[in-house]
>>> print(open('final01.txt').read())   # compact mmCIF, C-alpha atoms
# COMPACT_ATOMS: atom_id res chain seq x y z
CA MET A 1 133.78 84.52 123.16
CA ARG A 2 131.37 85.15 120.30
CA GLN A 3 130.09 88.36 121.90
CA THR A 4 133.67 89.57 122.44
CA LEU A 5 134.47 88.92 118.79
CA ARG A 6 131.39 90.84 117.63
CA THR A 7 132.27 93.77 119.86
CA PHE A 8 135.82 93.81 118.52
CA LEU A 9 134.61 93.69 114.93
CA ALA A 10 132.08 96.44 115.51
CA THR A 11 134.83 98.64 116.97
CA LEU A 12 137.11 97.79 114.09
CA LEU A 13 134.36 98.66 111.61
CA ILE A 14 133.94 102.10 113.11
CA CYS A 15 137.69 102.70 113.30
CA ALA A 16 138.03 101.71 109.67
CA GLN A 17 135.94 104.70 108.60
CA PRO A 18 137.86 107.70 107.20
CA LEU A 19 139.37 109.76 109.98
CA LEU A 20 136.96 112.32 111.37
CA SER A 21 137.59 115.48 113.28
CA THR A 22 136.26 115.85 116.82
CA ALA A 23 133.51 118.11 115.53
CA GLN A 24 132.54 115.58 112.88
CA ILE A 25 132.42 112.77 115.42
CA PHE A 26 129.96 114.64 117.59
CA THR A 27 127.82 115.65 114.59
CA THR A 28 127.73 112.22 112.93
CA PRO A 29 124.03 111.68 112.14
CA ILE A 30 122.16 108.70 113.51
CA GLN A 31 119.35 107.81 111.14
CA GLN A 32 116.56 105.50 112.20
CA VAL A 33 113.36 104.15 110.69
CA GLU A 34 110.73 101.77 112.01
CA LEU A 35 109.47 99.01 109.73
CA LEU A 36 106.20 97.20 110.24
CA TYR A 37 105.21 93.89 108.64
CA ALA A 38 101.60 92.70 108.73
CA GLY A 39 100.25 89.32 107.69
CA ASP A 40 97.89 88.15 104.97
CA ILE A 41 95.15 90.57 103.91
CA MET A 42 92.50 88.25 102.51
CA GLN A 43 88.96 88.68 101.17
CA HIS A 44 86.56 85.79 101.67
CA GLU A 45 82.91 85.70 100.61
CA ALA A 46 81.66 86.38 104.13
CA GLN A 47 83.75 89.54 104.25
CA LEU A 48 82.12 90.74 101.05
CA ASP A 49 78.66 90.00 102.46
CA MET A 50 79.39 91.99 105.61
CA ALA A 51 80.83 94.95 103.70
CA ARG A 52 77.97 95.23 101.20
CA GLN A 53 75.82 98.32 101.90
CA SER A 54 72.13 98.84 101.14
CA ASP A 55 73.03 100.85 98.05
CA GLY A 56 75.17 98.01 96.68
CA GLU A 57 78.48 99.69 97.51
CA TYR A 58 81.11 98.15 99.79
CA SER A 59 82.75 99.60 102.90
CA PHE A 60 85.76 98.03 104.65
CA SER A 61 87.28 100.87 106.66
CA TYR A 62 85.83 99.57 109.94
CA CYS A 63 88.09 96.49 109.73
CA PHE A 64 91.26 98.44 110.42
CA ARG A 65 90.09 101.15 112.80
CA HIS A 66 91.73 99.77 115.95
CA ILE A 67 95.13 99.05 114.42
CA SER A 68 95.39 101.99 112.03
CA PRO A 69 97.00 104.39 114.57
CA PHE A 70 99.74 101.85 115.24
CA VAL A 71 100.34 101.27 111.52
CA LYS A 72 100.54 105.01 110.89
CA SER A 73 103.01 105.49 113.74
CA THR A 74 105.65 103.53 111.80
CA ASP A 75 107.72 104.73 108.84
CA ILE A 76 107.50 101.84 106.37
CA SER A 77 104.47 99.56 106.73
CA ILE A 78 104.25 96.40 104.63
CA ALA A 79 101.51 93.78 104.20
CA ASN A 80 100.71 90.86 101.92
CA LEU A 81 97.76 91.55 99.58
CA GLU A 82 96.33 88.08 99.09
CA THR A 83 93.44 89.01 96.82
CA THR A 84 93.04 90.56 93.43
CA ILE A 85 91.09 93.79 92.99
CA GLY A 86 88.39 93.97 90.34
CA LYS A 87 85.69 96.18 88.85
CA SER A 88 83.17 93.35 89.18
CA GLY A 89 82.94 89.62 89.73
CA TYR A 90 83.84 89.83 93.41
CA SER A 91 84.36 86.47 95.05
CA GLY A 92 86.02 84.63 97.89
CA TYR A 93 87.86 81.34 98.03
CA PRO A 94 89.17 79.79 95.83
CA SER A 95 89.38 82.80 93.45
CA PHE A 96 89.74 85.95 95.51
CA CYS A 97 88.53 89.28 94.10
CA ALA A 98 87.64 92.39 96.11
CA PRO A 99 86.22 95.77 95.05
CA ASP A 100 88.33 98.91 94.74
CA SER A 101 87.03 100.13 98.11
CA PHE A 102 88.90 97.32 99.84
CA LEU A 103 92.19 98.73 98.61
CA TYR A 104 91.13 102.24 99.63
CA ALA A 105 90.56 100.94 103.16
CA VAL A 106 93.99 99.28 103.24
CA LYS A 107 95.62 102.54 102.16
CA ASP A 108 93.60 104.58 104.65
CA ALA A 109 94.73 102.19 107.38
CA GLY A 110 98.27 103.40 106.73
CA PHE A 111 99.91 100.62 104.72
CA LYS A 112 102.55 102.00 102.35
CA VAL A 113 103.87 98.84 100.67
CA LEU A 114 101.87 95.82 99.49
CA LEU A 115 103.33 92.49 98.43
CA PHE A 116 101.52 90.84 95.53
CA ALA A 117 103.62 87.77 94.70
CA ASN A 118 101.47 85.08 96.30
CA ASN A 119 99.51 82.03 95.23
CA HIS A 120 96.32 84.04 94.64
CA CYS A 121 97.73 86.86 92.49
CA MET A 122 96.39 85.23 89.30
CA ASP A 123 92.99 84.22 90.68
CA LYS A 124 91.19 86.39 88.10
CA GLY A 125 93.69 85.97 85.31
CA LYS A 126 95.36 88.74 83.41
CA ARG A 127 92.44 91.16 83.72
CA GLY A 128 92.30 90.88 87.50
CA ALA A 129 96.05 91.18 87.98
CA LEU A 130 96.29 94.21 85.69
CA HIS A 131 93.42 95.99 87.41
CA THR A 132 95.05 95.35 90.77
CA LEU A 133 98.31 96.86 89.54
CA ASP A 134 96.44 99.83 88.05
CA MET A 135 94.69 100.48 91.38
CA LEU A 136 97.91 100.19 93.37
CA ASP A 137 99.57 102.70 91.07
CA SER A 138 96.61 105.09 91.09
CA LEU A 139 96.56 105.09 94.90
CA GLN A 140 100.35 105.51 94.97
CA ILE A 141 100.84 102.39 97.05
CA ALA A 142 104.31 100.96 96.50
CA HIS A 143 104.17 97.31 95.51
CA CYS A 144 106.28 94.45 94.21
CA GLY A 145 106.13 90.85 93.07
CA VAL A 146 103.91 91.09 89.94
CA TYR A 147 104.61 93.09 86.79
CA ARG A 148 102.89 93.94 83.53
CA ASN A 149 105.94 92.87 81.54
CA SER A 150 109.67 92.18 81.91
CA LYS A 151 110.59 95.78 81.07
CA GLU A 152 108.51 97.08 83.94
CA ARG A 153 110.10 94.53 86.27
CA GLU A 154 113.56 95.62 85.20
CA GLU A 155 112.70 99.26 85.86
CA ARG A 156 110.84 98.84 89.17
CA TYR A 157 112.46 95.87 90.86
CA PRO A 158 113.92 95.48 93.39
CA LEU A 159 111.60 97.93 95.10
CA ILE A 160 113.52 100.69 96.89
CA VAL A 161 111.77 102.53 99.71
CA GLU A 162 113.56 105.41 101.43
CA GLU A 163 112.51 107.11 104.65
CA LYS A 164 114.52 109.40 106.93
CA GLY A 165 117.71 108.77 104.98
CA VAL A 166 117.49 104.96 105.21
CA ARG A 167 117.16 103.02 101.95
CA VAL A 168 115.46 99.63 102.06
CA ALA A 169 115.38 97.18 99.16
CA ILE A 170 112.34 94.87 99.20
CA LEU A 171 112.25 91.54 97.38
CA ASN A 172 109.08 89.44 97.03
CA TYR A 173 108.60 85.87 95.74
CA THR A 174 105.95 83.14 95.80
CA TYR A 175 106.20 79.37 95.60
CA GLY A 176 103.50 79.32 92.89
CA THR A 177 100.16 80.59 91.60
CA ASN A 178 97.85 77.65 92.42
CA GLY A 179 98.52 76.12 89.03
CA ARG A 180 97.19 79.15 87.18
CA GLU A 181 99.19 80.20 84.17
CA VAL A 182 100.90 83.58 84.20
CA PRO A 183 99.78 85.09 80.87
CA ALA A 184 102.40 86.74 78.68
CA PRO A 185 103.87 89.27 78.90
CA MET A 186 103.13 89.46 82.66
CA VAL A 187 105.75 88.40 85.20
CA VAL A 188 105.23 86.91 88.66
CA ASN A 189 108.28 86.51 90.90
CA LEU A 190 108.59 82.80 91.62
CA ILE A 191 111.01 81.27 94.10
CA ASP A 192 113.98 80.34 91.95
CA LYS A 193 117.51 80.59 93.31
CA GLY A 194 119.02 81.67 90.02
CA THR A 195 116.57 84.54 89.65
CA ILE A 196 116.79 85.53 93.30
CA LEU A 197 120.59 85.62 93.18
CA LYS A 198 120.49 88.04 90.22
CA ASP A 199 117.92 90.17 92.05
CA ILE A 200 120.05 90.33 95.19
CA GLN A 201 122.97 91.54 93.11
CA ALA A 202 120.72 94.12 91.44
CA ALA A 203 119.59 95.26 94.87
CA LYS A 204 123.18 95.64 96.08
CA GLU A 205 123.95 97.84 93.09
CA LYS A 206 121.31 100.28 94.31
CA HIS A 207 123.26 100.68 97.58
CA PRO A 208 120.48 100.01 100.07
CA ASP A 209 121.04 100.06 103.81
CA ALA A 210 119.08 96.81 104.14
CA ILE A 211 117.76 94.11 101.81
CA ILE A 212 114.55 92.40 102.94
CA ALA A 213 113.19 89.26 101.29
CA CYS A 214 109.44 88.78 101.72
CA MET A 215 108.70 85.16 100.93
CA HIS A 216 105.36 83.46 100.24
CA TRP A 217 106.30 79.93 101.20
CA GLY A 218 105.88 76.98 103.54
CA ASP A 219 103.11 74.62 104.63
CA GLU A 220 99.64 75.89 105.49
CA TYR A 221 98.37 75.58 109.09
CA VAL A 222 101.69 74.22 110.39
CA SER A 223 103.26 76.11 113.31
CA LEU A 224 106.89 75.18 112.64
CA PRO A 225 108.72 75.71 109.33
CA PRO A 226 109.89 72.62 107.44
CA GLN A 227 113.58 72.00 106.92
CA HIS A 228 113.63 73.20 103.31
CA ILE A 229 112.26 76.59 104.38
CA LYS A 230 114.93 76.90 107.06
CA GLU A 231 117.57 76.03 104.48
CA LEU A 232 116.21 78.60 102.04
CA SER A 233 116.25 81.31 104.70
CA ASN A 234 119.88 80.41 105.48
CA TRP A 235 120.74 80.61 101.78
CA LEU A 236 119.08 84.03 101.41
CA ILE A 237 121.15 85.46 104.25
CA GLU A 238 124.32 83.87 102.91
CA GLN A 239 123.71 85.64 99.58
CA GLY A 240 123.39 89.06 101.23
CA VAL A 241 119.76 89.41 102.32
CA ASN A 242 119.60 91.11 105.72
CA HIS A 243 116.12 90.08 106.90
CA VAL A 244 113.53 87.50 105.84
CA ILE A 245 109.78 87.78 106.41
CA GLY A 246 107.41 84.92 105.51
CA ASN A 247 103.73 84.51 104.74
CA HIS A 248 101.33 81.81 103.49
CA PRO A 249 100.95 79.26 106.34
CA HIS A 250 98.06 81.37 107.80
CA VAL A 251 99.32 80.64 111.30
CA LEU A 252 102.20 82.05 113.30
CA GLN A 253 105.63 80.50 113.10
CA PRO A 254 108.74 81.40 115.12
CA ILE A 255 110.87 84.53 114.86
CA GLU A 256 114.65 84.46 115.08
CA ILE A 257 117.27 87.14 115.60
CA ARG A 258 120.48 85.69 114.25
CA GLU A 259 123.84 87.04 115.33
CA SER A 260 126.66 86.60 112.83
CA GLU A 261 129.70 84.71 114.12
CA THR A 262 132.14 86.73 111.99
CA THR A 263 130.63 90.22 111.70
CA PRO A 264 128.50 92.58 113.84
CA ASP A 265 125.51 91.78 111.60
CA ARG A 266 122.12 90.80 112.97
CA HIS A 267 119.40 89.19 110.87
CA VAL A 268 115.68 88.96 111.63
CA VAL A 269 113.90 85.90 110.25
CA ALA A 270 110.13 85.55 110.73
CA TYR A 271 108.95 82.36 109.07
CA SER A 272 105.23 83.25 109.09
CA ILE A 273 103.39 86.17 110.65
CA GLY A 274 99.89 84.74 110.16
CA ASN A 275 96.67 86.40 109.01
CA LEU A 276 95.83 90.06 109.41
CA VAL A 277 92.25 89.77 108.16
CA SER A 278 90.35 86.78 106.77
CA ASN A 279 87.32 84.58 107.41
CA MET A 280 89.45 81.67 108.60
CA SER A 281 88.28 80.31 111.93
CA LEU A 282 90.31 77.17 112.58
CA ARG A 283 92.46 77.27 115.69
CA ARG A 284 95.50 79.56 115.24
CA THR A 285 94.20 81.03 111.94
CA ASP A 286 92.07 83.76 113.55
CA GLY A 287 94.94 86.20 113.95
CA GLY A 288 98.61 86.94 113.51
CA ILE A 289 101.16 89.57 114.43
CA MET A 290 102.32 92.91 113.22
CA LEU A 291 106.10 92.72 113.48
CA ALA A 292 107.90 96.01 114.17
CA MET A 293 111.63 96.53 113.84
CA LYS A 294 113.80 99.62 114.00
CA LEU A 295 116.73 100.01 111.65
CA ARG A 296 119.45 102.31 112.95
CA LYS A 297 122.10 103.67 110.59
CA ILE A 298 125.39 105.05 111.88
CA LEU A 299 128.34 105.80 109.61
CA ASN A 300 126.74 103.88 106.74
CA TYR A 301 126.28 100.78 108.86
CA THR A 302 122.73 99.64 109.59
CA ARG A 303 121.54 97.17 112.24
CA PRO A 304 118.10 96.12 113.48
CA LEU A 305 117.14 96.81 117.06
CA ASP A 306 114.04 96.79 119.23
CA VAL A 307 112.26 93.91 117.47
CA ARG A 308 108.68 93.78 118.73
CA TYR A 309 105.32 92.29 117.81
CA LEU A 310 101.66 93.10 118.37
CA LEU A 311 99.26 90.16 118.50
CA THR A 312 96.20 90.81 116.32
CA TRP A 313 92.96 88.86 116.38
CA ILE A 314 89.57 88.72 114.63
CA ALA A 315 86.48 87.97 116.72
CA PRO A 316 84.52 84.81 115.76
CA ARG A 317 80.99 84.55 114.40
CA GLU A 318 78.16 85.62 116.62
CA SER A 319 75.28 83.30 117.47
CA GLU A 320 73.41 84.30 114.31
CA GLY A 321 76.42 83.44 112.18
CA LYS A 322 77.63 86.99 111.46
CA ARG A 323 81.22 88.16 111.78
CA ASP A 324 82.29 91.78 111.41
CA PHE A 325 86.01 91.19 110.59
CA THR A 326 87.29 93.98 112.78
CA ILE A 327 90.96 93.49 113.64
CA TYR A 328 91.57 93.76 117.39
CA PRO A 329 94.72 94.03 119.48
CA ALA A 330 94.49 90.56 121.00
CA ALA A 331 96.11 91.19 124.36
CA THR A 332 94.27 94.42 125.19
CA THR A 333 90.74 93.62 124.05
CA GLU A 334 88.15 93.25 126.79
CA ILE A 335 85.03 91.21 126.04
CA LYS A 336 81.84 91.25 128.09
CA GLY A 337 78.81 89.05 127.54
CA TRP A 338 80.34 86.93 124.77
CA SER A 339 81.96 83.89 126.35
CA ASN A 340 82.65 82.09 123.06
CA ALA A 341 84.70 85.01 121.75
CA GLU A 342 86.60 85.42 125.00
CA GLN A 343 87.47 81.74 125.02
CA LYS A 344 88.79 81.90 121.45
CA ARG A 345 90.75 85.08 122.15
CA GLN A 346 92.43 83.51 125.16
CA GLN A 347 93.18 80.38 123.14
CA PHE A 348 94.82 82.42 120.38
CA ILE A 349 96.92 84.37 122.87
CA SER A 350 97.94 81.21 124.72
CA ASP A 351 98.87 79.36 121.53
CA SER A 352 100.87 82.32 120.20
CA ARG A 353 102.81 83.00 123.39
CA SER A 354 103.52 79.33 123.94
CA LEU A 355 104.91 78.98 120.41
CA PHE A 356 107.10 82.06 120.76
CA ASP A 357 108.30 81.19 124.26
CA ARG A 358 109.46 77.79 123.06
CA HIS A 359 110.88 78.58 119.64
CA ASN A 360 111.76 82.28 119.26
CA LYS A 361 115.46 83.11 119.33
CA GLY A 362 116.80 86.45 120.51
CA GLU A 363 115.21 89.34 122.35
CA ILE A 364 111.79 89.82 120.77
CA LYS A 365 109.25 91.72 122.84
CA GLU A 366 105.46 91.65 122.81
CA ILE A 367 103.85 95.07 122.82
CA SER A 368 100.34 96.30 123.48
CA ILE A 369 98.24 99.25 122.39
CA ASP A 370 95.14 100.92 123.82
CA THR A 371 92.39 98.73 125.21
CA VAL A 372 89.36 97.95 123.02
CA ARG A 373 86.11 96.87 124.62
CA ILE A 374 83.51 94.54 123.10
CA SER A 375 80.12 94.11 124.75
CA ARG A 376 77.38 91.68 123.72
>>> encode(input="final01.txt", output="structure tokens")
Amino acid sequence: MRQTLRTFLATLLICAQPLLSTAQIFTTPIQQVELLYAGDIMQHEAQLDMARQSDGEYSFSYCFRHISPFVKSTDISIANLETTIGKSGYSGYPSFCAPDSFLYAVKDAGFKVLLFANNHCMDKGKRGALHTLDMLDSLQIAHCGVYRNSKEREERYPLIVEEKGVRVAILNYTYGTNGREVPAPMVVNLIDKGTILKDIQAAKEKHPDAIIACMHWGDEYVSLPPQHIKELSNWLIEQGVNHVIGNHPHVLQPIEIRESETTPDRHVVAYSIGNLVSNMSLRRTDGGIMLAMKLRKILNYTRPLDVRYLLTWIAPRESEGKRDFTIYPAATTEIKGWSNAEQKRQQFISDSRSLFDRHNKGEIKEISIDTVRISR
């Protein structure tokens, strides 16, 4: 019955468009973009140690080499930048700060949009946050979530990204900043329903084809979202957000495709997509997914289709304690002579697939890319 109602409404929606001639019907453009969401991009002390060269400079490009072609094959690629960028004073947990070259590597990997509203955005205070914003602007990487002042926020938020005739509004909020004060006149987008509601209305006034809320929320290391996160995702969709993507737990959580009972709308909700790169090694924290979704626009109506994910994984430390922080496609990596790594890879894949098999809702496909071989 529900499917019949959706079909009827979809037909009615199309019929409600202004009358078109036969020629116009056959020339009606179908516009389509592919969005990609990647997890937390972190910068721990061990990552800095591995990237430091003999001349004192830092190189990070090797981290992304296996996933970069996939990132670049999509139209709008988004990731969570969970470190500040600095000129000096580089450090890992609990106050993240990476050199400029880290951001160059992220850009070279193909990421076009970085989210900065997270609990570590103020790790180095005003100076660190401002330098991060300056670097993002200088590299022409679109970003949202943190602003130099309220005027800048008013002018640049919500973030509008347009590709192939499809306009996407991106919202970004965090539950907090680890107790660190946000120095005036800077602004960090915090999760506050009153503020979010105004931002959704501002987004609607820009006439996007989709509104996406990227939320830094939830409980760390927990594989299922708590009730208050589910309720907040419901509220966001009720207010007009089309899709919700979550970060912060550092482990995967379920993905849902929600079909509206009263309209042809479909909403994608991913509660947590895990880590893209970090030095975390606890079970389930050594990887994440890159979530891909196509948005198809016909007659000014846009729906998601072909929702897919790529499992990504970071190999563990070697026997001498080193870790190279290369991001691998989990399902298509072959390991020889390194039983510990193979065991951890299989564990990550098993945990991830088991979680998704039990709790995902809707047709969400796993994908794979070219095989990568590791020999030890």
>>> residues_around(input="final01.txt", residues="Ala38 of chain A", least_positions_apart="2", cutoff="12 Å", atoms="all atoms listed in the file", output="PyMOL selection string")
chain A and resi 35-36+40-42+64+67-68+70-71+74+76-82+106+109-115+214+245-247+250+252+270+272-277+287-293+309-312+327
>>> closest_residue(input="final01.txt", among="A:Asp351, A:Glu152, A:Glu205, A:Asp100", to="Glu57 of chain A", atoms="only C-alpha atoms")
A:Asp100
>>> residues_around(input="final01.txt", residues="Asn119 of chain A", least_positions_apart="6", cutoff="7 Å", atoms="all atoms listed in the file", output="ChimeraX atom specification")
/A:174,176-178
>>> atom_distance(input="final01.txt", atom1="atom CA of Thr84 of chain A", atom2="atom CA of His120 of chain A")
7.4 Å
>>> residues_around(input="final01.txt", residues="segment 255-258 of chain A", least_positions_apart="6", cutoff="9 Å", atoms="only C-alpha atoms", output="PyMOL selection string")
chain A and resi 265-273+307+356+359-364
>>> residues_around(input="final01.txt", residues="Asp75 of chain A", least_positions_apart="4", cutoff="7 Å", atoms="all atoms listed in the file", output="MDAnalysis selection string")
chainID A and resid 33:35 163
>>> write_last_selection(input="final01.txt", atoms="C-alpha atoms", output="short mmCIF file (atom, residue, chain, number, x, y, z; two decimals), keeping the file's coordinate frame")
data_model
loop_
_atom_site.label_atom_id
_atom_site.label_comp_id
_atom_site.auth_asym_id
_atom_site.auth_seq_id
_atom_site.Cartn_x
_atom_site.Cartn_y
_atom_site.Cartn_z
CA VAL A 33 113.36 104.15 110.69
CA GLU A 34 110.73 101.77 112.01
CA LEU A 35 109.47 99.01 109.73
CA GLU A 163 112.51 107.11 104.65
#
>>> closest_residue(input="final01.txt", among="A:Thr326, A:Ser375, A:Thr195, A:Thr262", to="Phe60 of chain A", atoms="only C-alpha atoms")
A:Thr326
>>> closest_residue(input="final01.txt", among="A:Val241, A:Ala315, A:Val222, A:Met135", to="Lys344 of chain A", atoms="all atoms listed in the file")
A:Ala315
>>> atom_distance(input="final01.txt", atom1="atom CA of Tyr175 of chain A", atom2="atom CA of Ile191 of chain A")
5.4 Å
>>> atom_distance(input="final01.txt", atom1="atom CA of Gln140 of chain A", atom2="atom CA of Ser73 of chain A")
19.0 Å
>>> residues_near_point(input="final01.txt", point="(123.9, 80.8, 98.9)", cutoff="12 Å", atoms="only C-alpha atoms", output="PDB file with C-alpha atoms, keeping the file's coordinate frame")
ATOM      1  CA  LYS A 193     117.510  80.590  93.310  1.00  0.00           C
ATOM      2  CA  GLY A 194     119.020  81.670  90.020  1.00  0.00           C
ATOM      3  CA  ILE A 196     116.790  85.530  93.300  1.00  0.00           C
ATOM      4  CA  LEU A 197     120.590  85.620  93.180  1.00  0.00           C
ATOM      5  CA  LYS A 198     120.490  88.040  90.220  1.00  0.00           C
ATOM      6  CA  ILE A 200     120.050  90.330  95.190  1.00  0.00           C
ATOM      7  CA  GLU A 231     117.570  76.030 104.480  1.00  0.00           C
ATOM      8  CA  LEU A 232     116.210  78.600 102.040  1.00  0.00           C
ATOM      9  CA  SER A 233     116.250  81.310 104.700  1.00  0.00           C
ATOM     10  CA  ASN A 234     119.880  80.410 105.480  1.00  0.00           C
ATOM     11  CA  TRP A 235     120.740  80.610 101.780  1.00  0.00           C
ATOM     12  CA  LEU A 236     119.080  84.030 101.410  1.00  0.00           C
ATOM     13  CA  ILE A 237     121.150  85.460 104.250  1.00  0.00           C
ATOM     14  CA  GLU A 238     124.320  83.870 102.910  1.00  0.00           C
ATOM     15  CA  GLN A 239     123.710  85.640  99.580  1.00  0.00           C
ATOM     16  CA  GLY A 240     123.390  89.060 101.230  1.00  0.00           C
ATOM     17  CA  VAL A 241     119.760  89.410 102.320  1.00  0.00           C
TER      18      VAL A 241
END
>>> closest_residue(input="final01.txt", among="A:Pro249, A:Gly165, A:Pro99, A:Gly179", to="Ala51 of chain A", atoms="only C-alpha atoms")
A:Pro99
>>> closest_residue(input="final01.txt", among="A:Lys230, A:Arg308, A:His216, A:His243", to="Lys365 of chain A", atoms="only C-alpha atoms")
A:Arg308
>>> residues_around(input="final01.txt", residues="Lys336 of chain A", least_positions_apart="2", cutoff="7 Å", atoms="all atoms listed in the file", output="ChimeraX atom specification")
/A:334,338,374-376
>>> write_last_selection(input="final01.txt", atoms="C-alpha atoms", output="JSON list (two decimals), keeping the file's coordinate frame")
[["chain", "number", "residue", "atom", "x", "y", "z"],
["A", 334, "GLU", "CA", 88.15, 93.25, 126.79],
["A", 338, "TRP", "CA", 80.34, 86.93, 124.77],
["A", 374, "ILE", "CA", 83.51, 94.54, 123.10],
["A", 375, "SER", "CA", 80.12, 94.11, 124.75],
["A", 376, "ARG", "CA", 77.38, 91.68, 123.72]]
>>> build_atoms(input="final01.txt", residues="segment 26-44 of chain A", atoms="N, CA and C atoms", output="PDB file, keeping the file's coordinate frame")
ATOM      1  N   PHE A  26     131.113 114.286 116.786  1.00  0.00           N
ATOM      2  CA  PHE A  26     129.960 114.640 117.590  1.00  0.00           C
ATOM      3  C   PHE A  26     128.752 115.044 116.761  1.00  0.00           C
ATOM      4  N   THR A  27     128.953 115.288 115.458  1.00  0.00           N
ATOM      5  CA  THR A  27     127.820 115.650 114.590  1.00  0.00           C
ATOM      6  C   THR A  27     127.457 114.530 113.631  1.00  0.00           C
ATOM      7  N   THR A  28     128.073 113.357 113.797  1.00  0.00           N
ATOM      8  CA  THR A  28     127.730 112.220 112.930  1.00  0.00           C
ATOM      9  C   THR A  28     126.256 111.884 113.087  1.00  0.00           C
ATOM     10  N   PRO A  29     125.475 111.917 112.006  1.00  0.00           N
ATOM     11  CA  PRO A  29     124.030 111.680 112.140  1.00  0.00           C
ATOM     12  C   PRO A  29     123.708 110.224 112.450  1.00  0.00           C
ATOM     13  N   ILE A  30     122.714 110.019 113.270  1.00  0.00           N
ATOM     14  CA  ILE A  30     122.160 108.700 113.510  1.00  0.00           C
ATOM     15  C   ILE A  30     120.776 108.685 112.879  1.00  0.00           C
ATOM     16  N   GLN A  31     120.618 107.869 111.850  1.00  0.00           N
ATOM     17  CA  GLN A  31     119.350 107.810 111.140  1.00  0.00           C
ATOM     18  C   GLN A  31     118.619 106.536 111.527  1.00  0.00           C
ATOM     19  N   GLN A  32     117.317 106.647 111.709  1.00  0.00           N
ATOM     20  CA  GLN A  32     116.560 105.500 112.200  1.00  0.00           C
ATOM     21  C   GLN A  32     115.159 105.487 111.614  1.00  0.00           C
ATOM     22  N   VAL A  33     114.726 104.321 111.177  1.00  0.00           N
ATOM     23  CA  VAL A  33     113.360 104.150 110.690  1.00  0.00           C
ATOM     24  C   VAL A  33     112.750 102.942 111.383  1.00  0.00           C
ATOM     25  N   GLU A  34     111.430 102.924 111.466  1.00  0.00           N
ATOM     26  CA  GLU A  34     110.730 101.770 112.010  1.00  0.00           C
ATOM     27  C   GLU A  34     109.936 101.100 110.898  1.00  0.00           C
ATOM     28  N   LEU A  35     110.191  99.818 110.717  1.00  0.00           N
ATOM     29  CA  LEU A  35     109.470  99.010 109.730  1.00  0.00           C
ATOM     30  C   LEU A  35     108.388  98.208 110.432  1.00  0.00           C
ATOM     31  N   LEU A  36     107.296  98.007 109.722  1.00  0.00           N
ATOM     32  CA  LEU A  36     106.200  97.200 110.240  1.00  0.00           C
ATOM     33  C   LEU A  36     105.771  96.207 109.174  1.00  0.00           C
ATOM     34  N   TYR A  37     105.655  94.938 109.564  1.00  0.00           N
ATOM     35  CA  TYR A  37     105.210  93.890 108.640  1.00  0.00           C
ATOM     36  C   TYR A  37     103.908  93.316 109.182  1.00  0.00           C
ATOM     37  N   ALA A  38     102.885  93.293 108.347  1.00  0.00           N
ATOM     38  CA  ALA A  38     101.600  92.700 108.730  1.00  0.00           C
ATOM     39  C   ALA A  38     101.360  91.465 107.870  1.00  0.00           C
ATOM     40  N   GLY A  39     100.477  90.595 108.343  1.00  0.00           N
ATOM     41  CA  GLY A  39     100.250  89.320 107.690  1.00  0.00           C
ATOM     42  C   GLY A  39      99.340  89.404 106.474  1.00  0.00           C
ATOM     43  N   ASP A  40      98.694  88.291 106.185  1.00  0.00           N
ATOM     44  CA  ASP A  40      97.890  88.150 104.970  1.00  0.00           C
ATOM     45  C   ASP A  40      96.611  88.977 105.058  1.00  0.00           C
ATOM     46  N   ILE A  41      96.397  89.818 104.059  1.00  0.00           N
ATOM     47  CA  ILE A  41      95.150  90.570 103.910  1.00  0.00           C
ATOM     48  C   ILE A  41      94.317  89.820 102.883  1.00  0.00           C
ATOM     49  N   MET A  42      93.297  89.128 103.367  1.00  0.00           N
ATOM     50  CA  MET A  42      92.500  88.250 102.510  1.00  0.00           C
ATOM     51  C   MET A  42      91.067  88.784 102.371  1.00  0.00           C
ATOM     52  N   GLN A  43      90.300  88.198 101.438  1.00  0.00           N
ATOM     53  CA  GLN A  43      88.960  88.680 101.170  1.00  0.00           C
ATOM     54  C   GLN A  43      88.045  87.511 100.823  1.00  0.00           C
ATOM     55  N   HIS A  44      87.470  86.907 101.868  1.00  0.00           N
ATOM     56  CA  HIS A  44      86.560  85.790 101.670  1.00  0.00           C
ATOM     57  C   HIS A  44      85.131  86.290 101.394  1.00  0.00           C
TER      58      HIS A  44
END
